[in-house]
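Chemist: What follows is entry_28.tsv; its format and atoms are TSV, C-alpha atoms and all ligand atoms.
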```
chain	number	residue	atom	x	y	z
A	1	MET	CA	-46.16	202.62	174.11
A	2	ILE	CA	-46.61	198.85	174.23
A	3	PHE	CA	-45.17	196.50	171.61
A	4	THR	CA	-46.06	192.83	171.72
A	5	ILE	CA	-43.80	190.17	170.26
A	6	PHE	CA	-45.74	187.21	168.93
A	7	GLY	CA	-45.43	184.53	166.30
A	8	TYR	CA	-45.31	180.83	165.64
A	9	PRO	CA	-43.29	178.51	167.91
A	10	LYS	CA	-39.50	178.56	167.85
A	11	THR	CA	-39.09	181.52	165.56
A	12	GLY	CA	-36.81	183.44	167.94
A	13	LYS	CA	-39.37	185.56	169.80
A	14	THR	CA	-37.61	185.34	173.14
A	15	THR	CA	-34.25	185.84	171.42
A	16	LEU	CA	-35.57	189.06	169.91
A	17	PHE	CA	-37.13	190.10	173.22
A	18	ASN	CA	-33.72	189.71	174.87
A	19	LEU	CA	-32.04	191.70	172.12
A	20	LEU	CA	-34.53	194.54	172.32
A	21	THR	CA	-34.60	194.76	176.09
A	22	GLY	CA	-31.20	193.52	177.27
A	23	GLN	CA	-32.97	190.87	179.38
A	24	ARG	CA	-31.69	187.31	179.62
A	25	GLU	CA	-34.81	185.19	179.39
A	26	HIS	CA	-34.15	181.53	178.75
A	27	VAL	CA	-34.25	180.40	175.13
A	28	ASP	CA	-34.61	176.74	174.33
A	29	LYS	CA	-34.28	174.54	171.27
A	30	PHE	CA	-36.71	171.89	172.34
A	31	ALA	CA	-38.97	172.66	175.27
A	32	SER	CA	-41.69	175.01	174.15
A	33	SER	CA	-42.49	177.98	176.31
A	34	LYS	CA	-46.02	177.53	177.58
A	35	GLY	CA	-47.15	181.04	176.95
A	36	GLU	CA	-45.46	182.62	179.94
A	37	LEU	CA	-45.34	186.33	179.46
A	38	HIS	CA	-42.10	188.27	179.55
A	39	LYS	CA	-42.25	191.98	180.06
A	40	ALA	CA	-39.65	194.75	180.10
A	41	VAL	CA	-39.53	198.50	179.81
A	42	VAL	CA	-36.82	200.10	177.72
A	43	SER	CA	-35.65	203.69	177.55
A	44	VAL	CA	-35.58	205.23	174.12
A	45	PRO	CA	-32.06	206.59	173.59
A	46	ASP	CA	-32.01	210.26	172.64
A	47	PRO	CA	-28.69	212.18	172.68
A	48	ARG	CA	-30.62	215.47	172.62
A	49	LEU	CA	-31.53	214.88	176.28
A	50	GLU	CA	-27.86	214.99	177.30
A	51	GLU	CA	-27.40	218.22	175.38
A	52	LEU	CA	-30.35	219.79	177.13
A	53	ASN	CA	-29.29	218.55	180.53
A	54	LYS	CA	-26.02	220.49	180.27
A	55	PHE	CA	-28.07	223.50	181.33
A	56	TYR	CA	-29.59	221.78	184.36
A	57	ASN	CA	-27.39	218.92	185.57
A	58	THR	CA	-30.44	217.16	186.85
A	59	LYS	CA	-31.93	213.76	186.14
A	60	ILE	CA	-32.85	212.67	182.65
A	61	LYS	CA	-36.05	210.79	181.90
A	62	HIS	CA	-36.18	209.00	178.59
A	63	ALA	CA	-39.31	208.12	176.69
A	64	GLN	CA	-40.18	204.49	177.32
A	65	ILE	CA	-41.31	201.49	175.36
A	66	GLU	CA	-42.79	198.42	176.99
A	67	TYR	CA	-42.07	195.12	175.28
A	68	LEU	CA	-44.05	191.95	175.84
A	69	ASP	CA	-43.05	188.46	174.72
A	70	THR	CA	-46.13	186.27	174.52
A	71	GLY	CA	-44.55	182.84	174.38
A	72	SER	CA	-45.51	180.19	171.87
A	73	LEU	CA	-48.39	180.49	169.51
A	74	ALA	CA	-49.19	177.60	167.23
A	75	PHE	CA	-50.71	177.97	163.77
A	76	GLY	CA	-54.37	178.90	164.04
A	77	GLU	CA	-54.17	179.84	167.68
A	78	VAL	CA	-54.24	183.58	167.38
A	79	LYS	CA	-57.90	183.42	168.31
A	80	THR	CA	-57.44	182.19	171.88
A	81	ALA	CA	-58.74	184.67	174.40
A	82	THR	CA	-55.63	185.50	176.41
A	83	PHE	CA	-53.54	186.16	173.33
A	84	LEU	CA	-56.25	188.26	171.80
A	85	ASP	CA	-56.45	190.31	174.91
A	86	ILE	CA	-52.72	190.95	175.05
A	87	LEU	CA	-52.52	191.78	171.37
A	88	ARG	CA	-55.50	194.14	171.60
A	89	ARG	CA	-53.90	196.14	174.36
A	90	SER	CA	-50.76	196.70	172.28
A	91	ASP	CA	-50.00	199.84	170.34
A	92	GLY	CA	-47.92	197.91	167.84
A	93	LEU	CA	-47.34	194.27	166.94
A	94	ILE	CA	-43.99	192.59	166.36
A	95	HIS	CA	-44.38	189.38	164.42
A	96	VAL	CA	-41.25	187.22	164.55
A	97	VAL	CA	-40.81	185.04	161.47
A	98	ARG	CA	-38.54	182.06	161.07
A	99	GLY	CA	-35.92	182.68	158.42
A	100	PHE	CA	-33.05	180.65	159.83
A	101	GLU	CA	-32.15	177.09	158.94
A	102	ASP	CA	-31.67	174.60	161.75
A	103	PRO	CA	-32.43	170.92	161.15
A	104	GLU	CA	-32.86	170.40	164.89
A	105	ILE	CA	-35.69	172.90	165.16
A	106	VAL	CA	-38.65	171.59	163.21
A	107	HIS	CA	-40.83	174.09	161.42
A	108	PRO	CA	-44.50	173.04	161.73
A	109	ALA	CA	-45.02	173.63	158.00
A	110	GLY	CA	-41.97	171.53	157.12
A	111	SER	CA	-39.96	174.19	155.31
A	112	ILE	CA	-38.55	177.68	155.76
A	113	ASP	CA	-40.54	180.29	153.88
A	114	PRO	CA	-40.82	183.68	155.62
A	115	MET	CA	-43.24	185.22	153.12
A	116	ARG	CA	-45.62	182.29	153.48
A	117	ASP	CA	-45.55	182.61	157.26
A	118	ILE	CA	-46.08	186.37	157.12
A	119	SER	CA	-49.10	185.96	154.92
A	120	SER	CA	-50.51	183.18	157.04
A	121	MET	CA	-50.20	185.28	160.19
A	122	GLU	CA	-51.80	188.22	158.38
A	123	ASP	CA	-54.69	185.87	157.52
A	124	GLU	CA	-55.08	184.92	161.15
A	125	LEU	CA	-55.31	188.56	162.21
A	126	ILE	CA	-57.93	189.19	159.55
A	127	ILE	CA	-59.94	186.12	160.55
A	128	SER	CA	-59.88	187.11	164.19
A	129	ASP	CA	-61.29	190.54	163.25
A	130	ILE	CA	-64.02	188.95	161.13
A	131	ILE	CA	-65.02	186.76	164.04
A	132	THR	CA	-65.19	189.77	166.35
A	133	ILE	CA	-67.38	191.59	163.85
A	134	GLU	CA	-69.69	188.63	163.30
A	135	LYS	CA	-70.30	188.32	167.02
A	136	ARG	CA	-71.07	192.00	167.32
A	137	LEU	CA	-73.35	191.99	164.27
A	138	GLU	CA	-75.35	189.12	165.70
A	139	ARG	CA	-75.83	191.06	168.92
A	140	ILE	CA	-76.81	194.25	167.10
A	141	GLU	CA	-79.30	192.44	164.87
A	142	LYS	CA	-80.95	190.91	167.92
A	143	ASP	CA	-81.22	194.28	169.62
A	144	LEU	CA	-82.51	195.98	166.49
A	145	LYS	CA	-85.36	193.50	166.30
A	146	ARG	CA	-86.52	194.66	169.71
A	147	ASN	CA	-85.77	198.36	169.46
A	148	LYS	CA	-85.04	200.71	166.62
A	149	SER	CA	-81.87	202.68	167.25
A	150	LYS	CA	-80.12	205.11	164.93
A	151	GLU	CA	-76.77	204.51	166.56
A	152	LEU	CA	-76.98	200.74	166.28
A	153	GLU	CA	-78.03	201.05	162.68
A	154	SER	CA	-75.05	203.15	161.75
A	155	GLU	CA	-72.69	200.88	163.67
A	156	HIS	CA	-74.19	197.96	161.78
A	157	LYS	CA	-73.56	199.71	158.50
A	158	VAL	CA	-69.92	200.47	159.29
A	159	LEU	CA	-69.25	196.95	160.52
A	160	ILE	CA	-70.71	195.44	157.36
A	161	LYS	CA	-68.51	197.70	155.26
A	162	ILE	CA	-65.42	196.72	157.23
A	163	LYS	CA	-66.29	193.06	157.09
A	164	GLU	CA	-66.57	193.22	153.31
A	165	PHE	CA	-63.13	194.77	153.17
A	166	LEU	CA	-61.65	192.07	155.41
A	167	GLU	CA	-63.30	189.36	153.36
A	168	GLN	CA	-61.22	190.41	150.39
A	169	ASN	CA	-58.35	189.25	152.57
A	170	LEU	CA	-57.16	192.78	153.26
A	171	PRO	CA	-56.06	194.06	156.69
A	172	LEU	CA	-57.83	197.09	158.16
A	173	ARG	CA	-54.52	198.96	158.21
A	174	GLU	CA	-54.99	199.40	154.49
A	175	MET	CA	-58.54	200.70	154.67
A	176	ASP	CA	-59.25	204.41	154.34
A	177	LEU	CA	-61.82	205.17	156.98
A	178	ALA	CA	-63.67	208.40	157.57
A	179	ARG	CA	-62.95	210.02	160.92
A	180	ASP	CA	-66.32	209.10	162.42
A	181	GLU	CA	-66.01	205.52	161.18
A	182	ASP	CA	-62.57	205.22	162.68
A	183	PHE	CA	-63.86	206.63	165.94
A	184	MET	CA	-66.75	204.20	165.97
A	185	ILE	CA	-64.59	201.10	165.62
A	186	ARG	CA	-61.70	202.22	167.82
A	187	GLY	CA	-63.06	200.38	170.84
A	188	PHE	CA	-62.85	197.01	169.08
A	189	GLN	CA	-59.05	197.24	168.86
A	190	PHE	CA	-59.02	195.27	165.63
A	191	LEU	CA	-55.76	193.39	165.25
A	192	SER	CA	-55.35	193.84	161.52
A	193	GLN	CA	-55.61	197.59	162.08
A	194	LYS	CA	-52.58	197.78	164.36
A	195	PRO	CA	-49.22	198.83	162.97
A	196	ILE	CA	-47.13	195.71	162.51
A	197	ILE	CA	-43.47	194.94	162.01
A	198	HIS	CA	-42.66	191.52	160.64
A	199	MET	CA	-39.19	190.61	161.86
A	200	ILE	CA	-37.52	187.88	159.85
A	201	ASN	CA	-34.92	186.04	161.88
A	202	LEU	CA	-32.21	185.05	159.40
A	203	SER	CA	-29.29	182.66	159.31
A	204	GLU	CA	-25.77	183.95	159.17
A	205	GLY	CA	-24.97	184.56	155.50
A	206	ASP	CA	-28.53	185.33	154.43
A	207	GLU	CA	-29.04	188.72	152.88
A	208	LEU	CA	-30.93	191.28	154.95
A	209	VAL	CA	-34.34	192.17	153.56
A	210	GLU	CA	-36.51	195.20	154.20
A	211	SER	CA	-39.74	196.52	152.78
A	212	ASP	CA	-42.53	198.98	153.54
A	213	GLY	CA	-46.30	198.84	153.37
A	214	LYS	CA	-49.09	200.92	154.80
A	215	ASN	CA	-48.62	200.79	158.58
A	216	LYS	CA	-46.58	197.70	157.94
A	217	LYS	CA	-42.89	197.04	157.73
A	218	ILE	CA	-40.76	193.99	157.06
A	219	LEU	CA	-37.33	193.97	158.71
A	220	SER	CA	-34.76	191.25	159.14
A	221	PHE	CA	-32.11	190.50	161.71
A	222	TYR	CA	-29.57	187.85	162.71
A	223	GLY	CA	-30.94	186.67	166.03
A	224	LYS	CA	-28.23	184.17	166.79
A	225	ILE	CA	-25.32	186.46	165.92
A	226	GLU	CA	-26.64	189.39	167.90
A	227	GLU	CA	-27.41	187.15	170.84
A	228	GLU	CA	-23.85	185.79	170.90
A	229	ILE	CA	-22.36	189.25	171.22
A	230	MET	CA	-24.79	190.62	173.81
A	231	ASP	CA	-22.11	190.49	176.50
A	232	LEU	CA	-19.43	192.37	174.59
A	233	ASP	CA	-18.98	196.05	175.26
A	234	GLU	CA	-20.49	198.52	172.85
A	235	ASP	CA	-17.38	199.22	170.74
A	236	GLU	CA	-16.58	195.56	170.30
A	237	ARG	CA	-20.16	194.85	169.40
A	238	LYS	CA	-20.13	197.54	166.75
A	239	LEU	CA	-16.93	196.17	165.23
A	240	PHE	CA	-18.33	192.68	165.22
A	241	LEU	CA	-21.58	193.71	163.56
A	242	LYS	CA	-19.65	195.67	160.93
A	243	GLU	CA	-18.00	192.45	159.83
A	244	TYR	CA	-21.46	191.16	159.01
A	245	GLY	CA	-22.33	194.34	157.21
A	246	ILE	CA	-24.64	195.57	159.98
A	247	ASP	CA	-24.33	199.25	160.89
A	248	GLU	CA	-26.69	199.29	163.80
A	249	SER	CA	-27.86	196.78	166.39
A	250	ILE	CA	-31.40	195.51	165.99
A	251	ARG	CA	-32.30	197.30	169.19
A	252	ASP	CA	-31.50	200.77	167.86
A	253	ARG	CA	-32.79	199.96	164.40
A	254	PHE	CA	-36.08	198.70	165.76
A	255	ILE	CA	-36.75	201.81	167.83
A	256	ARG	CA	-35.98	204.09	164.90
A	257	GLU	CA	-38.12	202.11	162.48
A	258	SER	CA	-41.03	201.73	164.88
A	259	TYR	CA	-41.09	205.48	165.55
A	260	LYS	CA	-41.17	206.06	161.83
A	261	LEU	CA	-43.82	203.45	161.21
A	262	MET	CA	-46.13	204.72	163.90
A	263	ASN	CA	-45.47	208.38	163.19
A	264	LEU	CA	-44.11	208.98	166.65
A	265	ILE	CA	-42.14	212.06	167.60
A	266	SER	CA	-40.60	213.38	170.80
A	267	PHE	CA	-40.99	216.64	172.56
A	268	PHE	CA	-39.15	217.74	175.68
A	269	THR	CA	-39.87	219.35	178.99
A	270	VAL	CA	-36.94	220.88	180.86
A	271	GLY	CA	-36.53	222.13	184.40
A	272	GLU	CA	-34.46	221.93	187.55
A	273	ASP	CA	-36.13	218.69	188.64
A	274	GLU	CA	-35.90	216.77	185.36
A	275	VAL	CA	-35.14	216.91	181.67
A	276	ARG	CA	-37.57	214.65	179.97
A	277	ALA	CA	-38.66	213.26	176.60
A	278	TRP	CA	-42.29	212.48	175.78
A	279	THR	CA	-43.71	210.49	172.90
A	280	ILE	CA	-46.64	211.73	170.84
A	281	ARG	CA	-47.90	211.20	167.32
A	282	LYS	CA	-46.93	213.46	164.46
A	283	GLY	CA	-49.75	215.98	164.06
A	284	ASP	CA	-50.66	216.06	167.75
A	285	THR	CA	-51.41	219.52	169.12
A	286	ALA	CA	-50.03	221.41	172.10
A	287	TYR	CA	-53.29	220.57	173.86
A	288	GLU	CA	-52.71	216.84	173.33
A	289	ALA	CA	-49.09	217.17	174.39
A	290	ALA	CA	-50.24	218.87	177.60
A	291	GLY	CA	-52.56	215.93	178.29
A	292	LYS	CA	-49.66	213.56	177.89
A	293	ILE	CA	-47.83	215.34	180.72
A	294	HIS	CA	-50.78	215.69	183.06
A	295	THR	CA	-54.55	216.00	182.73
A	296	ASP	CA	-54.42	219.16	184.91
A	297	LEU	CA	-52.20	220.83	182.34
A	298	GLN	CA	-54.67	219.96	179.65
A	299	LYS	CA	-57.75	221.06	181.59
A	300	GLY	CA	-56.25	224.39	182.61
A	301	PHE	CA	-54.34	224.98	179.37
A	302	ILE	CA	-53.66	228.67	178.67
A	303	ARG	CA	-50.64	228.82	176.39
A	304	ALA	CA	-47.62	226.77	175.42
A	305	GLU	CA	-44.19	228.36	175.42
A	306	VAL	CA	-42.23	226.64	172.70
A	307	ILE	CA	-38.65	226.63	171.48
A	308	TYR	CA	-36.90	224.17	169.19
A	309	TRP	CA	-34.25	222.24	171.11
A	310	GLU	CA	-31.35	223.33	168.89
A	311	ASP	CA	-32.26	227.00	169.27
A	312	PHE	CA	-32.43	226.48	173.01
A	313	VAL	CA	-28.91	225.04	173.04
A	314	LYS	CA	-27.58	227.73	170.71
A	315	VAL	CA	-28.92	230.61	172.73
A	316	GLY	CA	-27.74	229.10	176.00
A	317	GLY	CA	-30.82	228.00	177.89
A	318	PHE	CA	-34.28	229.05	178.92
A	319	LYS	CA	-33.47	232.36	180.56
A	320	ASN	CA	-31.56	233.68	177.56
A	321	ALA	CA	-34.25	232.46	175.23
A	322	LYS	CA	-36.81	234.35	177.24
A	323	GLU	CA	-34.76	237.54	177.31
A	324	LYS	CA	-34.18	237.37	173.57
A	325	ALA	CA	-37.87	236.68	173.03
A	326	LEU	CA	-37.13	233.39	171.33
A	327	LEU	CA	-39.85	231.53	173.19
A	328	ARG	CA	-42.93	231.41	171.03
A	329	LEU	CA	-46.35	231.60	172.61
A	330	GLU	CA	-48.58	229.03	170.99
A	331	GLY	CA	-52.23	228.13	171.46
A	332	LYS	CA	-54.06	224.84	171.88
A	333	ASP	CA	-54.01	224.02	168.17
A	334	TYR	CA	-50.29	224.42	167.64
A	335	ILE	CA	-48.88	221.27	166.01
A	336	VAL	CA	-45.95	220.15	168.11
A	337	LYS	CA	-42.76	219.41	166.15
A	338	ASP	CA	-40.21	216.72	166.84
A	339	GLY	CA	-37.57	218.29	169.10
A	340	ASP	CA	-39.74	221.10	170.48
A	341	ILE	CA	-39.25	222.08	174.09
A	342	VAL	CA	-42.69	222.76	175.44
A	343	HIS	CA	-43.62	224.59	178.61
A	344	ILE	CA	-47.32	224.64	179.36
A	345	ARG	CA	-48.86	227.60	181.15
A	346	PHE	CA	-52.05	226.59	182.84
A	347	ASN	CA	-54.72	227.55	185.34
A	348	VAL	CA	-55.25	225.40	188.40
B	1	LIG	N1	-29.74	178.89	164.10
B	1	LIG	C1	-30.45	179.84	164.69
B	1	LIG	N2	-31.10	179.53	165.81
B	1	LIG	C2	-31.82	180.47	166.41
B	1	LIG	C3	-31.92	181.78	165.90
B	1	LIG	N3	-32.72	182.50	166.70
B	1	LIG	C4	-33.12	181.67	167.69
B	1	LIG	N4	-32.56	180.44	167.50
B	1	LIG	C5	-32.72	179.28	168.35
B	1	LIG	O1	-34.05	178.82	168.29
B	1	LIG	C6	-34.47	178.33	169.56
B	1	LIG	C7	-35.71	179.03	169.98
B	1	LIG	O2	-35.44	180.39	170.19
B	1	LIG	P1	-36.40	181.29	171.07
B	1	LIG	O3	-35.91	182.68	171.03
B	1	LIG	O4	-36.60	180.64	172.39
B	1	LIG	O5	-37.71	181.15	170.20
B	1	LIG	P2	-39.20	181.43	170.65
B	1	LIG	O6	-39.93	181.84	169.44
B	1	LIG	O7	-39.22	182.35	171.81
B	1	LIG	O8	-39.65	179.97	171.11
B	1	LIG	P3	-41.00	179.60	171.89
B	1	LIG	O9	-41.31	180.71	172.84
B	1	LIG	O10	-40.72	178.31	172.56
B	1	LIG	O11	-42.02	179.46	170.80
B	1	LIG	C8	-33.28	178.58	170.51
B	1	LIG	O12	-32.56	177.39	170.62
B	1	LIG	C9	-32.51	179.65	169.81
B	1	LIG	O13	-31.15	179.62	170.16
B	1	LIG	C10	-31.19	182.09	164.70
B	1	LIG	O14	-31.21	183.20	164.20
B	1	LIG	N5	-30.48	181.08	164.15
B	2	MG	MG	-40.19	182.17	173.72
```
Re-express the file's structure as structure tokens.
Ligand SMILES: Nc1nc2c(ncn2[C@@H]2O[C@H](COP(=O)(O)OP(=O)(O)OP(=O)(O)O)[C@@H](O)[C@H]2O)c(=O)[nH]1
Ligand SMILES: [Mg+2]

Modeler:
Amino acid sequence: MIFTIFGYPKTGKTTLFNLLTGQREHVDKFASSKGELHKAVVSVPDPRLEELNKFYNTKIKHAQIEYLDTGSLAFGEVKTATFLDILRRSDGLIHVVRGFEDPEIVHPAGSIDPMRDISSMEDELIISDIITIEKRLERIEKDLKRNKSKELESEHKVLIKIKEFLEQNLPLREMDLARDEDFMIRGFQFLSQKPIIHMINLSEGDELVESDGKNKKILSFYGKIEEEIMDLDEDERKLFLKEYGIDESIRDRFIRESYKLMNLISFFTVGEDEVRAWTIRKGDTAYEAAGKIHTDLQKGFIRAEVIYWEDFVKVGGFKNAKEKALLRLEGKDYIVKDGDIVHIRFNV
């Protein structure tokens, strides 16, 4: 799972990157970062893993999220090739928005207005998708002049439909696509189709805001405050945040909200060598879960043995569950639930 942090200059992107990852990348009031990329992998905390590991005393492997911090991006620059490429390879986008006042840090638009900046970045994503489509359409039309092709014709039709949607200034996230249409355009990695979290970086004293849209979320955080307490130990940090009316650090809150937004769930594999969490999408089948673990497990899939993690703990581990016939045998199409322990039986 890759999340990319991007946004206009001096909004607090690197500050947020540090908060989410525990890194200490340099943040600066004046010098602008020249697009150097920061990258870090973070384990997704999950107390269920510790519970499960009581039966094994082995190593725990958490699910992981990779965060990228793209560096500065001026207004209208979303279209540059390197940025596009990084954004396209992301599973989700984190757009950092300036909400804090600081007379020393000039906002390019001259005033602080998070909703304006959110909508202007949304426009840029939409425009970049339109440009991608126009280029492709041009190519297709050229080819169609030379050769008739059913496939190209239907691609042309879908792209025109999508372009018309975008031209109403709507992101593709909000478009209801048929399965085959969605499949056809997947390769383009359209930016306005990606789940996005707009993170408003507020001043101390501002009220937290939050709202939901389709595959879109607006969250807010106090970058400066959370940065100042990064070095305190966990209990102190909690106390400190409480004084500001914050129950949860932005790091924990972000992971929770992003899982919700992207419909992600976890399943577990357990064994003597490791107790491990895996991330899949809600609605994924046992067959897809097997593929997540290893392609061999997917290719040779016979059955999945499944037990809900709480039942596993209650009954006292795998062996007991087996004896009491609490392990369910499920086929390829079984929809994996959050918290399932899954053991794939397969042919080699
Ligand atoms: N007052 C205030 N300053 C902040 C806040 N968040 C970040 N800053 C300051 O804003 C400056 C820029 O922060 P960064 O995190 O480097 O911002 P950035 O978006 O990564 O900047 P570039 O990569 O150069 O575009 C630093 O001096 C930060 O200390 C905040 O919530 N309040
Ligand atoms: Mg930066």

Chemist: When you count all atoms listed in the file, which of these residues is closest to ligand LIG 1 (chain B): A:Phe165, A:Phe190, A:Phe30, A:Trp278?

Modeler: A:Phe30

Chemist: With all atoms listed in the file as the counted atoms, please give the residues lying no more than 12 Å from Asp311 in chain A, apart from itself and same-chain residues fewer than 5 positions off, as JSON, numbers by chain.

Modeler: {"A": [51, 52, 306, 316, 317, 318, 320, 321, 322, 324, 325, 326, 327, 328, 339, 340, 341]}

Chemist: Between CA of Ala81 in chain A and CA of Leu191 in chain A, measure the distance and give it in Å to one decimal.

Modeler: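 Separating CA of Ala81 in chain A from CA of Leu191 in chain A is a distance of 13.0 Å.
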
Chemist: Within 10 Å of ligand LIG 1 (chain B), which residues of chain A show up? Give each one with its shortest atom-to-atom distance in Å (one decimal) and the two atoms involved, counting all atoms listed in the file, rows by chain then rising residue number, as a Markdown table.

Modeler:
```
| residue | atom | partner | partner_atom | distance |
| --- | --- | --- | --- | --- |
| A:Ile5 | CA | B:LIG1 | O7 | 9.2 |
| A:Phe6 | CA | B:LIG1 | O6 | 7.9 |
| A:Gly7 | CA | B:LIG1 | O6 | 6.9 |
| A:Tyr8 | CA | B:LIG1 | O11 | 6.3 |
| A:Pro9 | CA | B:LIG1 | O11 | 3.3 |
| A:Lys10 | CA | B:LIG1 | O8 | 3.6 |
| A:Thr11 | CA | B:LIG1 | O6 | 4.0 |
| A:Gly12 | CA | B:LIG1 | O3 | 3.3 |
| A:Lys13 | CA | B:LIG1 | O6 | 3.8 |
| A:Thr14 | CA | B:LIG1 | O7 | 3.6 |
| A:Thr15 | CA | B:LIG1 | O3 | 3.6 |
| A:Leu16 | CA | B:LIG1 | O3 | 6.5 |
| A:Phe17 | CA | B:LIG1 | O3 | 7.8 |
| A:Asn18 | CA | B:LIG1 | O3 | 8.3 |
| A:Leu19 | CA | B:LIG1 | O3 | 9.9 |
| A:Glu25 | CA | B:LIG1 | O4 | 8.5 |
| A:His26 | CA | B:LIG1 | O4 | 6.9 |
| A:Val27 | CA | B:LIG1 | O4 | 3.6 |
| A:Asp28 | CA | B:LIG1 | O12 | 4.3 |
| A:Lys29 | CA | B:LIG1 | O12 | 3.4 |
| A:Phe30 | CA | B:LIG1 | O12 | 7.1 |
| A:Ala31 | CA | B:LIG1 | O10 | 6.5 |
| A:Ser32 | CA | B:LIG1 | O10 | 3.8 |
| A:Ser33 | CA | B:LIG1 | O10 | 4.2 |
| A:Lys34 | CA | B:LIG1 | O10 | 7.3 |
| A:Gly35 | CA | B:LIG1 | O9 | 7.1 |
| A:Glu36 | CA | B:LIG1 | O9 | 8.4 |
| A:Leu37 | CA | B:LIG1 | O9 | 9.6 |
| A:Asp69 | CA | B:LIG1 | O7 | 7.8 |
| A:Thr70 | CA | B:LIG1 | O9 | 7.5 |
| A:Gly71 | CA | B:LIG1 | O9 | 4.2 |
| A:Ser72 | CA | B:LIG1 | O11 | 3.7 |
| A:Leu73 | CA | B:LIG1 | O11 | 6.6 |
| A:Ala74 | CA | B:LIG1 | O11 | 8.2 |
| A:Val96 | CA | B:LIG1 | O6 | 7.4 |
| A:Val97 | CA | B:LIG1 | O6 | 8.6 |
| A:Arg98 | CA | B:LIG1 | O14 | 8.1 |
| A:Gly99 | CA | B:LIG1 | O14 | 7.5 |
| A:Phe100 | CA | B:LIG1 | N5 | 5.0 |
| A:Glu101 | CA | B:LIG1 | N1 | 6.0 |
| A:Asp102 | CA | B:LIG1 | N1 | 5.3 |
| A:Pro103 | CA | B:LIG1 | N1 | 8.9 |
| A:Glu104 | CA | B:LIG1 | O12 | 9.0 |
| A:Ile105 | CA | B:LIG1 | O1 | 6.9 |
| A:Val106 | CA | B:LIG1 | O1 | 10.0 |
| A:Ile200 | CA | B:LIG1 | O14 | 9.0 |
| A:Asn201 | CA | B:LIG1 | O14 | 5.2 |
| A:Leu202 | CA | B:LIG1 | O14 | 5.2 |
| A:Ser203 | CA | B:LIG1 | N5 | 5.2 |
| A:Glu204 | CA | B:LIG1 | N5 | 7.4 |
| A:Phe221 | CA | B:LIG1 | O14 | 7.8 |
| A:Tyr222 | CA | B:LIG1 | O14 | 5.2 |
| A:Gly223 | CA | B:LIG1 | O14 | 3.9 |
| A:Lys224 | CA | B:LIG1 | O14 | 4.1 |
| A:Ile225 | CA | B:LIG1 | O14 | 6.9 |
| A:Glu226 | CA | B:LIG1 | O14 | 8.5 |
| A:Glu227 | CA | B:LIG1 | N3 | 8.2 |
| A:Glu228 | CA | B:LIG1 | O13 | 9.6 |
```

Chemist: Determine the nearest neighbour of ligand MG 2 (chain B) from the options A:Lys194, A:Lys282, A:His38, A:Lys163, counting all atoms listed in the file.

Modeler: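 Comparing A:Lys194, A:Lys282, A:His38, A:Lys163 against ligand MG 2 (chain B), the winner is A:His38.
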
Chemist: To one decimal place, how far is CA of Met1 in chain A from CA of Asp247 in chain A in Å?

Modeler: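 CA of Asp247 in chain A lies at a distance of 25.7 Å from CA of Met1 in chain A.
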
Chemist: Check the smallest atom-to-atom distance from each of A:Ser149, A:Gln189, A:Ser90, A:Thr82 to Thr4 in chain A using all atoms listed in the file, then report the winner.

Modeler: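 Using all atoms listed in the file, Thr4 in chain A sits closest to A:Ser90.
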
Chemist: Which residues, written as a VMD selection string, have at least one atom at most 12 Å from Met115 in chain A, with all atoms listed in the file counted and residues fewer than 3 positions away on the same chain left out?

Modeler: chain A and resid 96 to 99 111 to 112 118 to 122 198 to 200 209 211 218 to 219

Chemist: Rank nothing, just name the residue among A:Glu134, A:Glu174, A:Glu66, A:Asp85 nearest to Ile196 in chain A, using all atoms listed in the file.

Modeler: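 Nearest candidate to Ile196 in chain A out of A:Glu134, A:Glu174, A:Glu66, A:Asp85: A:Glu174.
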
Chemist: Can you list, as a ChimeraX atom specification, every protein, DNA or RNA residue that comes within 12 Å of His156 in chain A when you count all atoms listed in the file, leaving out same-chain residues fewer than 3 positions away?

Modeler: /A:133-144,149-153,159-163,181,184-185

Chemist: Could you write those residues out with C-alpha atoms, as an mmCIF file, in the coordinates of the input?

Modeler:
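Final output, out36.cif:
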```cif
data_model
loop_
_atom_site.group_PDB
_atom_site.id
_atom_site.type_symbol
_atom_site.label_atom_id
_atom_site.label_comp_id
_atom_site.auth_asym_id
_atom_site.auth_seq_id
_atom_site.Cartn_x
_atom_site.Cartn_y
_atom_site.Cartn_z
ATOM 1 C CA ILE A 133 -67.380 191.590 163.850
ATOM 2 C CA GLU A 134 -69.690 188.630 163.300
ATOM 3 C CA LYS A 135 -70.300 188.320 167.020
ATOM 4 C CA ARG A 136 -71.070 192.000 167.320
ATOM 5 C CA LEU A 137 -73.350 191.990 164.270
ATOM 6 C CA GLU A 138 -75.350 189.120 165.700
ATOM 7 C CA ARG A 139 -75.830 191.060 168.920
ATOM 8 C CA ILE A 140 -76.810 194.250 167.100
ATOM 9 C CA GLU A 141 -79.300 192.440 164.870
ATOM 10 C CA LYS A 142 -80.950 190.910 167.920
ATOM 11 C CA ASP A 143 -81.220 194.280 169.620
ATOM 12 C CA LEU A 144 -82.510 195.980 166.490
ATOM 13 C CA SER A 149 -81.870 202.680 167.250
ATOM 14 C CA LYS A 150 -80.120 205.110 164.930
ATOM 15 C CA GLU A 151 -76.770 204.510 166.560
ATOM 16 C CA LEU A 152 -76.980 200.740 166.280
ATOM 17 C CA GLU A 153 -78.030 201.050 162.680
ATOM 18 C CA LEU A 159 -69.250 196.950 160.520
ATOM 19 C CA ILE A 160 -70.710 195.440 157.360
ATOM 20 C CA LYS A 161 -68.510 197.700 155.260
ATOM 21 C CA ILE A 162 -65.420 196.720 157.230
ATOM 22 C CA LYS A 163 -66.290 193.060 157.090
ATOM 23 C CA GLU A 181 -66.010 205.520 161.180
ATOM 24 C CA MET A 184 -66.750 204.200 165.970
ATOM 25 C CA ILE A 185 -64.590 201.100 165.620
#
```
